[in-house]
file structure02.csv (CSV, C-alpha atoms and all ligand atoms)
chain,number,residue,atom,x,y,z
A,13,MET,CA,127.6,101.7,113.2
A,14,GLU,CA,130.5,103.9,114.4
A,15,ALA,CA,132.5,102.7,111.4
A,16,LEU,CA,129.8,103.9,109.1
A,17,ARG,CA,129.6,107.3,110.8
A,18,ASP,CA,133.3,107.8,110.2
A,19,GLU,CA,133.1,107.2,106.5
A,20,PRO,CA,133.1,110.3,104.3
A,21,LEU,CA,129.7,111.3,102.9
A,22,TRP,CA,129.3,110.5,99.2
A,23,THR,CA,127.6,112.9,96.9
A,24,PRO,CA,125.9,110.1,95.0
A,25,ALA,CA,125.2,110.2,91.2
A,26,VAL,CA,121.5,110.4,90.5
A,27,HIS,CA,120.0,108.4,87.6
A,28,ARG,CA,116.5,109.2,86.5
A,29,PRO,CA,115.3,106.3,84.3
A,30,ARG,CA,112.2,106.8,82.3
A,31,SER,CA,111.1,103.1,82.1
A,32,LEU,CA,111.2,100.0,84.3
A,33,ASN,CA,113.6,98.4,81.8
A,34,GLU,CA,116.0,101.3,82.1
A,35,ALA,CA,115.8,101.3,85.9
A,36,TRP,CA,116.4,97.5,86.0
A,37,GLU,CA,119.4,97.7,83.6
A,38,LEU,CA,120.9,100.5,85.7
A,39,LYS,CA,120.6,98.4,88.9
A,40,ARG,CA,122.1,95.4,87.2
A,41,ALA,CA,125.0,97.4,85.9
A,42,LEU,CA,125.6,99.3,89.2
A,43,GLY,CA,125.1,96.3,91.5
A,44,ALA,CA,125.4,97.2,95.2
A,45,ASP,CA,126.7,100.7,94.3
A,46,GLY,CA,123.2,101.7,93.0
A,47,VAL,CA,120.1,101.9,95.2
A,48,TYR,CA,116.4,102.4,94.1
A,49,VAL,CA,114.9,105.5,95.5
A,50,SER,CA,111.2,106.5,95.7
A,51,GLY,CA,110.4,109.1,98.3
A,52,SER,CA,113.8,108.6,100.0
A,53,THR,CA,112.2,109.3,103.4
A,54,LEU,CA,113.3,106.0,104.9
A,55,LEU,CA,116.7,105.9,103.2
A,56,ARG,CA,117.4,109.4,104.5
A,57,THR,CA,116.8,108.4,108.1
A,58,GLN,CA,119.1,105.4,107.6
A,59,TRP,CA,121.9,107.5,106.1
A,60,GLU,CA,121.5,110.0,108.9
A,61,ALA,CA,121.5,107.4,111.6
A,62,GLY,CA,124.5,105.7,110.0
A,63,THR,CA,122.8,102.3,109.8
A,64,VAL,CA,123.2,102.2,106.0
A,65,ALA,CA,126.0,103.7,104.0
A,66,MET,CA,125.2,106.4,101.4
A,67,PRO,CA,125.5,104.5,98.0
A,68,LYS,CA,127.5,105.8,95.1
A,69,ALA,CA,124.4,106.1,92.9
A,70,LEU,CA,120.7,106.6,93.4
A,71,ILE,CA,118.2,105.2,90.9
A,72,ASP,CA,115.2,107.6,91.2
A,73,LEU,CA,112.1,105.7,90.2
A,74,ARG,CA,109.8,108.7,90.2
A,75,GLY,CA,110.3,109.5,86.5
A,76,ILE,CA,108.7,106.2,85.4
A,77,SER,CA,105.1,107.0,84.4
A,78,GLY,CA,102.1,104.9,85.5
A,79,LEU,CA,103.5,103.9,88.9
A,80,SER,CA,101.5,106.2,91.1
A,81,ASP,CA,98.0,105.5,89.9
A,82,ILE,CA,95.2,104.3,92.2
A,83,ASP,CA,92.5,102.5,90.2
A,84,GLU,CA,89.5,100.4,90.9
A,85,ASP,CA,88.9,97.5,88.5
A,86,GLY,CA,86.1,95.1,89.0
A,87,GLY,CA,86.0,95.6,92.8
A,88,ARG,CA,89.7,95.2,93.1
A,89,LEU,CA,91.9,98.2,94.0
A,90,SER,CA,95.3,98.6,92.4
A,91,ILE,CA,97.8,101.0,93.9
A,92,GLY,CA,101.0,102.0,92.1
A,93,ALA,CA,104.2,101.6,94.2
A,94,LEU,CA,104.9,105.3,93.7
A,95,ALA,CA,101.6,106.5,95.2
A,96,ASP,CA,102.4,108.7,98.1
A,97,LEU,CA,101.1,108.0,101.6
A,98,SER,CA,99.0,111.3,101.6
A,99,ARG,CA,97.1,110.1,98.6
A,100,CYS,CA,96.6,106.7,100.1
A,101,ARG,CA,95.4,108.3,103.3
A,102,ARG,CA,92.7,110.3,101.4
A,103,ASN,CA,91.6,107.6,99.0
A,104,ALA,CA,88.0,106.7,99.7
A,105,ALA,CA,88.2,103.4,97.8
A,106,LEU,CA,91.2,102.3,100.0
A,107,GLY,CA,89.2,103.1,103.1
A,108,GLN,CA,86.4,100.8,101.9
A,109,THR,CA,88.5,98.0,100.5
A,110,ALA,CA,91.1,97.8,103.2
A,111,PRO,CA,90.4,100.0,106.2
A,112,ALA,CA,93.3,98.5,108.2
A,113,VAL,CA,95.8,99.5,105.5
A,114,GLN,CA,94.4,103.1,105.4
A,115,GLU,CA,94.6,103.3,109.2
A,116,ALA,CA,98.3,102.1,109.1
A,117,VAL,CA,99.0,104.8,106.5
A,118,ARG,CA,97.2,107.4,108.7
A,119,CYS,CA,99.6,106.6,111.6
A,120,ILE,CA,102.8,107.0,109.7
A,121,ALA,CA,104.9,110.1,110.3
A,122,ALA,CA,103.4,113.6,109.5
A,123,PRO,CA,102.0,115.3,106.4
A,124,ALA,CA,105.3,116.7,105.1
A,125,VAL,CA,106.8,113.1,105.2
A,126,ARG,CA,103.7,111.4,103.9
A,127,ASN,CA,103.7,113.8,100.8
A,128,LEU,CA,107.0,112.3,99.8
A,129,ALA,CA,106.9,108.8,101.3
A,130,THR,CA,105.5,106.1,99.0
A,131,ILE,CA,103.5,102.9,99.7
A,132,GLY,CA,106.0,101.0,97.6
A,133,GLY,CA,108.9,102.2,99.7
A,134,ASN,CA,107.1,101.3,102.9
A,135,ILE,CA,106.6,97.7,101.6
A,136,ALA,CA,110.0,97.3,99.9
A,137,ALA,CA,111.8,98.2,103.1
A,138,GLY,CA,110.4,95.0,104.6
A,139,VAL,CA,109.6,96.7,107.9
A,140,GLY,CA,107.1,99.4,107.1
A,141,ASP,CA,104.1,99.8,109.3
A,142,CYS,CA,101.7,99.0,106.4
A,143,LEU,CA,102.9,95.4,106.3
A,144,PRO,CA,100.9,93.8,109.2
A,145,ALA,CA,97.8,95.4,107.8
A,146,LEU,CA,98.5,94.2,104.3
A,147,LEU,CA,99.1,90.7,105.7
A,148,VAL,CA,95.6,90.5,107.1
A,149,CYS,CA,94.1,91.8,103.8
A,150,ASP,CA,95.8,89.1,101.7
A,151,ALA,CA,97.4,91.8,99.5
A,152,GLU,CA,99.1,90.9,96.2
A,153,LEU,CA,102.2,92.7,94.9
A,154,ALA,CA,103.2,93.5,91.3
A,155,VAL,CA,106.9,93.1,90.6
A,156,PHE,CA,109.1,93.7,87.6
A,157,ASP,CA,111.9,91.1,86.9
A,158,GLY,CA,113.6,92.8,84.0
A,159,LYS,CA,111.3,91.3,81.4
A,160,PHE,CA,107.8,90.9,82.8
A,161,GLN,CA,105.6,92.2,85.5
A,162,SER,CA,104.1,89.5,87.6
A,163,ARG,CA,101.8,89.2,90.7
A,164,ARG,CA,102.5,87.3,93.9
A,165,ARG,CA,101.0,87.0,97.3
A,166,MET,CA,102.6,89.6,99.6
A,167,GLU,CA,103.1,87.1,102.3
A,168,ASP,CA,105.3,84.9,100.1
A,169,TRP,CA,107.2,88.0,98.8
A,170,LEU,CA,107.8,89.1,102.4
A,171,ALA,CA,109.2,85.6,103.3
A,172,ASP,CA,111.7,86.0,100.5
A,173,ARG,CA,112.4,89.6,101.4
A,174,TRP,CA,113.4,88.4,104.9
A,175,SER,CA,115.3,85.4,103.8
A,176,GLY,CA,117.4,87.6,101.4
A,177,THR,CA,116.3,85.6,98.3
A,178,LEU,CA,114.7,88.4,96.3
A,179,PRO,CA,116.7,89.4,93.2
A,180,PRO,CA,118.3,92.7,94.1
A,181,GLU,CA,117.2,94.2,90.7
A,182,GLU,CA,113.5,93.5,91.3
A,183,ILE,CA,111.3,96.5,91.2
A,184,LEU,CA,108.1,96.7,93.2
A,185,THR,CA,105.5,98.3,90.8
A,186,GLY,CA,102.3,98.1,92.8
A,187,LEU,CA,99.9,96.2,95.0
A,188,TRP,CA,96.4,94.8,94.6
A,189,LEU,CA,93.7,94.6,97.2
A,190,ALA,CA,90.3,93.0,97.0
A,191,PRO,CA,87.5,93.1,99.6
A,192,PRO,CA,87.6,89.5,101.1
A,193,ALA,CA,84.4,87.5,100.8
A,194,GLY,CA,82.9,86.0,103.9
A,195,PRO,CA,79.9,84.1,105.0
A,196,SER,CA,76.7,85.9,104.1
A,197,GLY,CA,75.3,88.1,106.9
A,198,ASN,CA,78.6,88.3,108.7
A,199,ARG,CA,80.3,91.6,109.4
A,200,ARG,CA,83.9,92.2,108.1
A,201,ILE,CA,86.2,93.3,110.9
A,202,GLU,CA,89.5,94.9,110.0
A,203,ILE,CA,91.7,96.6,112.5
A,204,PHE,CA,95.2,98.1,112.8
A,205,ARG,CA,96.8,99.5,115.9
A,206,LYS,CA,100.2,101.0,116.5
A,207,VAL,CA,102.0,101.8,119.8
A,208,GLY,CA,105.0,104.0,119.8
A,209,ARG,CA,106.8,105.9,122.5
A,210,ARG,CA,104.4,108.8,122.2
A,211,GLU,CA,100.9,109.3,120.9
A,212,ALA,CA,101.7,110.6,117.4
A,213,PHE,CA,104.6,111.2,114.9
A,214,THR,CA,106.6,108.4,116.4
A,215,PRO,CA,108.2,105.2,115.1
A,216,SER,CA,106.3,102.1,116.0
A,217,LEU,CA,107.3,99.8,118.9
A,218,VAL,CA,104.5,97.4,118.2
A,219,THR,CA,101.9,97.2,115.4
A,220,VAL,CA,99.0,94.7,115.2
A,221,ALA,CA,96.3,93.9,112.7
A,222,ILE,CA,93.2,91.8,112.6
A,223,GLY,CA,91.1,90.7,109.7
A,224,GLY,CA,88.1,88.4,109.6
A,225,PHE,CA,84.4,88.1,109.8
A,226,ILE,CA,82.1,88.0,112.8
A,227,GLY,CA,78.6,86.5,112.8
A,228,SER,CA,75.6,87.8,114.7
A,229,GLU,CA,76.3,85.3,117.5
A,230,GLY,CA,79.9,86.5,117.9
A,231,ARG,CA,81.6,83.6,116.0
A,232,LEU,CA,84.7,84.4,114.0
A,233,SER,CA,85.8,83.1,110.6
A,234,SER,CA,88.6,83.7,108.1
A,235,VAL,CA,90.6,85.1,110.9
A,236,LYS,CA,94.0,86.6,110.2
A,237,ILE,CA,96.2,88.1,112.9
A,238,ALA,CA,99.6,89.9,112.3
A,239,ALA,CA,102.1,91.9,114.3
A,240,GLY,CA,105.3,93.8,113.7
A,241,GLY,CA,106.8,97.1,114.6
A,242,GLY,CA,110.1,99.0,114.6
A,243,SER,CA,112.6,97.2,112.4
A,244,GLY,CA,111.1,93.8,113.3
A,245,ARG,CA,109.7,91.2,110.9
A,246,PRO,CA,106.0,91.6,110.2
A,247,GLN,CA,104.5,88.2,110.8
A,248,ARG,CA,101.2,86.3,110.9
A,249,LEU,CA,100.4,84.8,114.3
A,250,SER,CA,99.0,81.4,113.4
A,251,ARG,CA,98.4,80.1,116.9
A,252,ALA,CA,96.1,82.9,117.8
A,253,GLU,CA,94.4,82.5,114.4
A,254,ALA,CA,93.8,78.8,115.0
A,255,LEU,CA,92.3,79.5,118.5
A,256,LEU,CA,89.9,82.1,117.1
A,257,GLU,CA,88.8,80.4,113.9
A,258,GLY,CA,85.2,79.3,114.3
A,259,ALA,CA,85.1,80.2,118.0
A,260,ASP,CA,82.8,82.4,120.0
A,261,ILE,CA,84.6,85.3,121.6
A,262,VAL,CA,84.4,84.6,125.4
A,263,PRO,CA,86.8,85.8,128.2
A,264,GLU,CA,88.5,82.4,128.6
A,265,LEU,CA,89.3,82.3,124.9
A,266,LEU,CA,90.8,85.7,125.0
A,267,THR,CA,93.2,84.6,127.8
A,268,SER,CA,94.4,81.8,125.6
A,269,VAL,CA,94.8,84.2,122.6
A,270,TYR,CA,96.9,86.5,124.7
A,271,GLU,CA,99.1,83.5,125.7
A,272,ALA,CA,99.4,82.4,122.1
A,273,VAL,CA,100.5,85.8,121.0
A,274,PHE,CA,103.0,86.1,123.8
A,275,SER,CA,104.6,82.8,123.0
A,276,GLN,CA,104.6,83.1,119.2
A,277,PHE,CA,105.4,86.8,118.4
A,278,GLU,CA,109.1,87.1,117.5
A,279,THR,CA,110.5,90.5,118.2
A,280,TYR,CA,113.6,92.2,119.6
A,281,SER,CA,114.5,94.5,122.5
A,282,ASP,CA,115.8,98.0,121.8
A,283,PRO,CA,117.3,100.7,124.0
A,284,PHE,CA,113.8,101.7,125.2
A,285,VAL,CA,111.8,98.5,125.7
A,286,THR,CA,112.3,94.8,126.2
A,287,VAL,CA,111.1,91.9,124.2
A,288,GLU,CA,108.7,91.0,127.0
A,289,TYR,CA,107.1,94.5,126.9
A,290,LYS,CA,106.5,94.2,123.1
A,291,LYS,CA,105.0,90.7,123.4
A,292,LYS,CA,102.7,91.9,126.2
A,293,THR,CA,101.7,95.0,124.2
A,294,ALA,CA,100.9,92.9,121.1
A,295,GLY,CA,98.8,90.5,123.2
A,296,ASN,CA,96.9,93.2,125.1
A,297,LEU,CA,96.2,95.2,121.9
A,298,LEU,CA,94.8,92.2,120.1
A,299,VAL,CA,92.7,91.0,122.9
A,300,ALA,CA,91.3,94.5,123.6
A,301,GLU,CA,90.4,95.0,119.9
A,302,LEU,CA,88.7,91.5,119.7
A,303,TRP,CA,86.7,92.4,122.8
A,304,LYS,CA,85.6,95.7,121.2
A,305,ALA,CA,84.6,93.9,118.0
A,306,LEU,CA,82.4,91.6,120.1
A,307,GLU,CA,80.9,94.6,121.9
A,308,GLY,CA,80.3,96.3,118.5
A,309,ASN,CA,78.4,93.2,117.4
A,310,ALA,CA,76.2,93.2,120.5
A,311,GLY,CA,75.1,96.7,119.6
A,312,LYS,CA,74.0,95.7,116.1
B,1,LIG,C1,110.2,111.6,110.4
B,1,LIG,C2,109.9,110.3,109.8
B,1,LIG,C3,108.9,109.5,110.4
B,1,LIG,C4,108.6,108.2,109.9
B,1,LIG,N1,107.7,107.4,110.5
B,1,LIG,C5,107.4,106.2,110.0
B,1,LIG,C6,106.4,105.4,110.6
B,1,LIG,O1,105.8,105.8,111.6
B,1,LIG,N2,106.2,104.2,110.1
B,1,LIG,C7,106.8,103.7,109.0
B,1,LIG,O2,106.5,102.6,108.5
B,1,LIG,N3,107.8,104.5,108.4
B,1,LIG,C8,108.1,105.7,108.9
B,1,LIG,N4,109.0,106.5,108.3
B,1,LIG,C9,109.8,105.9,107.2
B,1,LIG,C10,109.3,106.2,105.8
B,1,LIG,O3,108.8,107.5,105.7
B,1,LIG,C11,108.2,105.2,105.3
B,1,LIG,O4,108.5,103.9,105.5
B,1,LIG,C12,108.0,105.4,103.7
B,1,LIG,O5,106.7,104.8,103.3
B,1,LIG,C13,109.1,104.9,102.9
B,1,LIG,O6,108.8,105.2,101.5
B,1,LIG,P1,109.8,106.0,100.6
B,1,LIG,O7,109.2,106.1,99.3
B,1,LIG,O8,110.3,107.2,101.2
B,1,LIG,O9,111.0,104.9,100.5
B,1,LIG,P2,112.5,105.1,100.2
B,1,LIG,O10,113.2,105.7,101.4
B,1,LIG,O11,112.7,105.8,98.9
B,1,LIG,O12,113.0,103.6,100.0
B,1,LIG,C14,112.9,102.6,101.1
B,1,LIG,C15,113.5,101.3,100.7
B,1,LIG,O13,112.7,100.7,99.6
B,1,LIG,C16,113.5,100.5,98.4
B,1,LIG,N5,112.5,100.9,97.4
B,1,LIG,C17,111.8,102.0,97.3
B,1,LIG,N6,110.9,101.9,96.3
B,1,LIG,C18,111.1,100.7,95.7
B,1,LIG,C19,110.5,100.0,94.6
B,1,LIG,N7,109.4,100.6,94.0
B,1,LIG,N8,110.9,98.8,94.3
B,1,LIG,C20,112.0,98.2,95.0
B,1,LIG,N9,112.6,98.8,96.0
B,1,LIG,C21,112.2,100.1,96.4
B,1,LIG,C22,114.7,101.5,98.6
B,1,LIG,O14,115.8,101.0,97.8
B,1,LIG,C23,114.9,101.5,100.1
B,1,LIG,O15,115.6,100.3,100.4
B,1,LIG,C24,109.3,107.7,108.7
B,1,LIG,C25,110.3,108.6,108.1
B,1,LIG,C26,110.6,109.8,108.6
B,1,LIG,C27,111.6,110.7,108.0
call {"tool": "encode", "arguments": {"input": "structure02.csv", "output": "structure tokens", "more": "lines below"}}
Ligand SMILES: Cc1cc2nc3c(=O)[nH]c(=O)nc-3n(C[C@H](O)[C@H](O)[C@H](O)COP(=O)(O)OP(=O)(O)OC[C@H]3O[C@@H](n4cnc5c(N)ncnc54)[C@H](O)[C@@H]3O)c2cc1C
result
Amino acid sequence: MEALRDEPLWTPAVHRPRSLNEAWELKRALGADGVYVSGSTLLRTQWEAGTVAMPKALIDLRGISGLSDIDEDGGRLSIGALADLSRCRRNAALGQTAPAVQEAVRCIAAPAVRNLATIGGNIAAGVGDCLPALLVCDAELAVFDGKFQSRRRMEDWLADRWSGTLPPEEILTGLWLAPPAGPSGNRRIEIFRKVGRREAFTPSLVTVAIGGFIGSEGRLSSVKIAAGGGSGRPQRLSRAEALLEGADIVPELLTSVYEAVFSQFETYSDPFVTVEYKKKTAGNLLVAELWKALEGNAGK
């Protein structure tokens, strides 16, 4: 990191492509010297912290039309990668289709940052706070490969993102969300929680998300659990999911869920908190939210 700090600051060239093809060709020609930029809010913090070097060229995606629309189509919601977080936060259809995603957006930064920051930048970074929420909502992404736009499950895309196998020229163009279908008469639960070092306007230490259905008798189905936070890998927690699927929420089960989260959640220590603290926090948050969901059911 010190080595990066000592490097002279570049004044990068700024390219403003008008189409996906043009952006993709620029990236191919520039290679590692060119970086896609949307709101630049994350990149800026990385340059300032010295964790990433300022590139020689920026490829500003904001001039490409049609990438910031939010549309409903046959019950599905499509969100352009360039849609800013303020719009996502206000969008009523997002609140209905994927409340956990909207809650994640609500907890990111402050208005001035959210007016610039995009949902695509949050996802493309591979660590954004939206990702655990998107994992439990079974989100699909739209990506451009230089010729075609195609759709793929976000979970698969994220695995490639973290294994470093995504083509560097690939452009994220949007995401798709659909309200998941569950057993009739069951209530959809969808929850996102974030813990940072203070109440608001803080980077996350731990984020958790829950998606699923709960029957009137308190039985869960189609359960998805995810956790992330900071610069850690957002991940599904399959052991906790397996324990909860088809089960009634009772105190003994929640103890086992806590233990499953603690043992499976892969995270890292940082200058402020230990791995153990983050694992405990994830377990406690998830168990508390499951308990609240059960209590909410009892009141119905
Ligand atoms: C004060 C402050 C507080 C913040 N708090 C939070 C927080 O609490 N939680 C959080 O998650 N983030 C936080 N951030 C980081 C950032 O604001 C968000 O993650 C934001 O959503 C990133 O979007 P962006 O458009 O600014 O991305 P950019 O900075 O433009 O890009 C981020 C990365 O994605 C790539 N990229 C961008 N768009 C595309 C695309 N369409 N296709 C392919 N690659 C692309 C870029 O090359 C870069 O690597 C904070 C930032 C600041 C300055």
call {"tool": "axis_aligned_box", "arguments": {"input": "structure02.csv", "around": "ligand LIG 1 (chain B)", "padding_each_side": "6 Å", "output": "lines of an AutoDock Vina configuration file"}}
result
center_x = 110.8
center_y = 104.9
center_z = 102.8
size_x = 22.0
size_y = 25.4
size_z = 29.6
call {"tool": "closest_residue", "arguments": {"input": "structure02.csv", "among": "A:Val117, A:Val269, A:Ala137, A:Ala124", "to": "ligand LIG 1 (chain B)", "atoms": "only C-alpha atoms and all ligand atoms"}}
result
A:Ala137
call {"tool": "residues_near_ligand", "arguments": {"input": "structure02.csv", "ligand": "ligand LIG 1 (chain B)", "cutoff": "8 Å", "atoms": "only C-alpha atoms and all ligand atoms", "output": "VMD selection string"}}
result
chain A and resid 47 to 57 73 93 to 94 96 to 97 119 to 122 125 to 126 128 to 142 155 181 to 186 213 to 216 242
call {"tool": "atom_distance", "arguments": {"input": "structure02.csv", "atom1": "CA of Tyr270 (chain A)", "atom2": "CA of Lys292 (chain A)"}}
result
8.1 Å
call {"tool": "atom_distance", "arguments": {"input": "structure02.csv", "atom1": "CA of Gly92 (chain A)", "atom2": "CA of Arg173 (chain A)"}}
result
19.2 Å
call {"tool": "atom_distance", "arguments": {"input": "structure02.csv", "atom1": "CA of Asp282 (chain A)", "atom2": "CA of Leu217 (chain A)"}}
result
9.2 Å
call {"tool": "residues_around", "arguments": {"input": "structure02.csv", "residues": "Arg245 (chain A)", "least_positions_apart": "2", "cutoff": "9 Å", "atoms": "all atoms listed in the file", "output": "ChimeraX atom specification"}}
result
/A:138-139,170,174,239-243,247,278-279
call {"tool": "decode", "arguments": {"input": "structure02.csv", "residues": "region 178-193 of chain A", "atoms": "C-alpha atoms", "output": "PDB file, in the first residue's frame"}}
result
ATOM      1  CA  LEU A 178     -14.782 -12.826 -15.690  1.00  0.00           C
ATOM      2  CA  PRO A 179     -13.576 -11.308 -18.979  1.00  0.00           C
ATOM      3  CA  PRO A 180     -12.099  -7.890 -18.052  1.00  0.00           C
ATOM      4  CA  GLU A 181     -14.014  -6.198 -20.902  1.00  0.00           C
ATOM      5  CA  GLU A 182     -17.418  -7.452 -19.722  1.00  0.00           C
ATOM      6  CA  ILE A 183     -19.892  -4.653 -18.992  1.00  0.00           C
ATOM      7  CA  LEU A 184     -22.664  -5.078 -16.474  1.00  0.00           C
ATOM      8  CA  THR A 185     -25.756  -3.560 -18.071  1.00  0.00           C
ATOM      9  CA  GLY A 186     -28.483  -4.279 -15.538  1.00  0.00           C
ATOM     10  CA  LEU A 187     -30.246  -6.653 -13.214  1.00  0.00           C
ATOM     11  CA  TRP A 188     -33.559  -8.460 -13.105  1.00  0.00           C
ATOM     12  CA  LEU A 189     -35.644  -9.195 -10.061  1.00  0.00           C
ATOM     13  CA  ALA A 190     -38.887 -11.131  -9.802  1.00  0.00           C
ATOM     14  CA  PRO A 191     -41.053 -11.664  -6.731  1.00  0.00           C
ATOM     15  CA  PRO A 192     -40.357 -15.304  -5.760  1.00  0.00           C
ATOM     16  CA  ALA A 193     -43.360 -17.631  -5.746  1.00  0.00           C
TER      17      ALA A 193
END
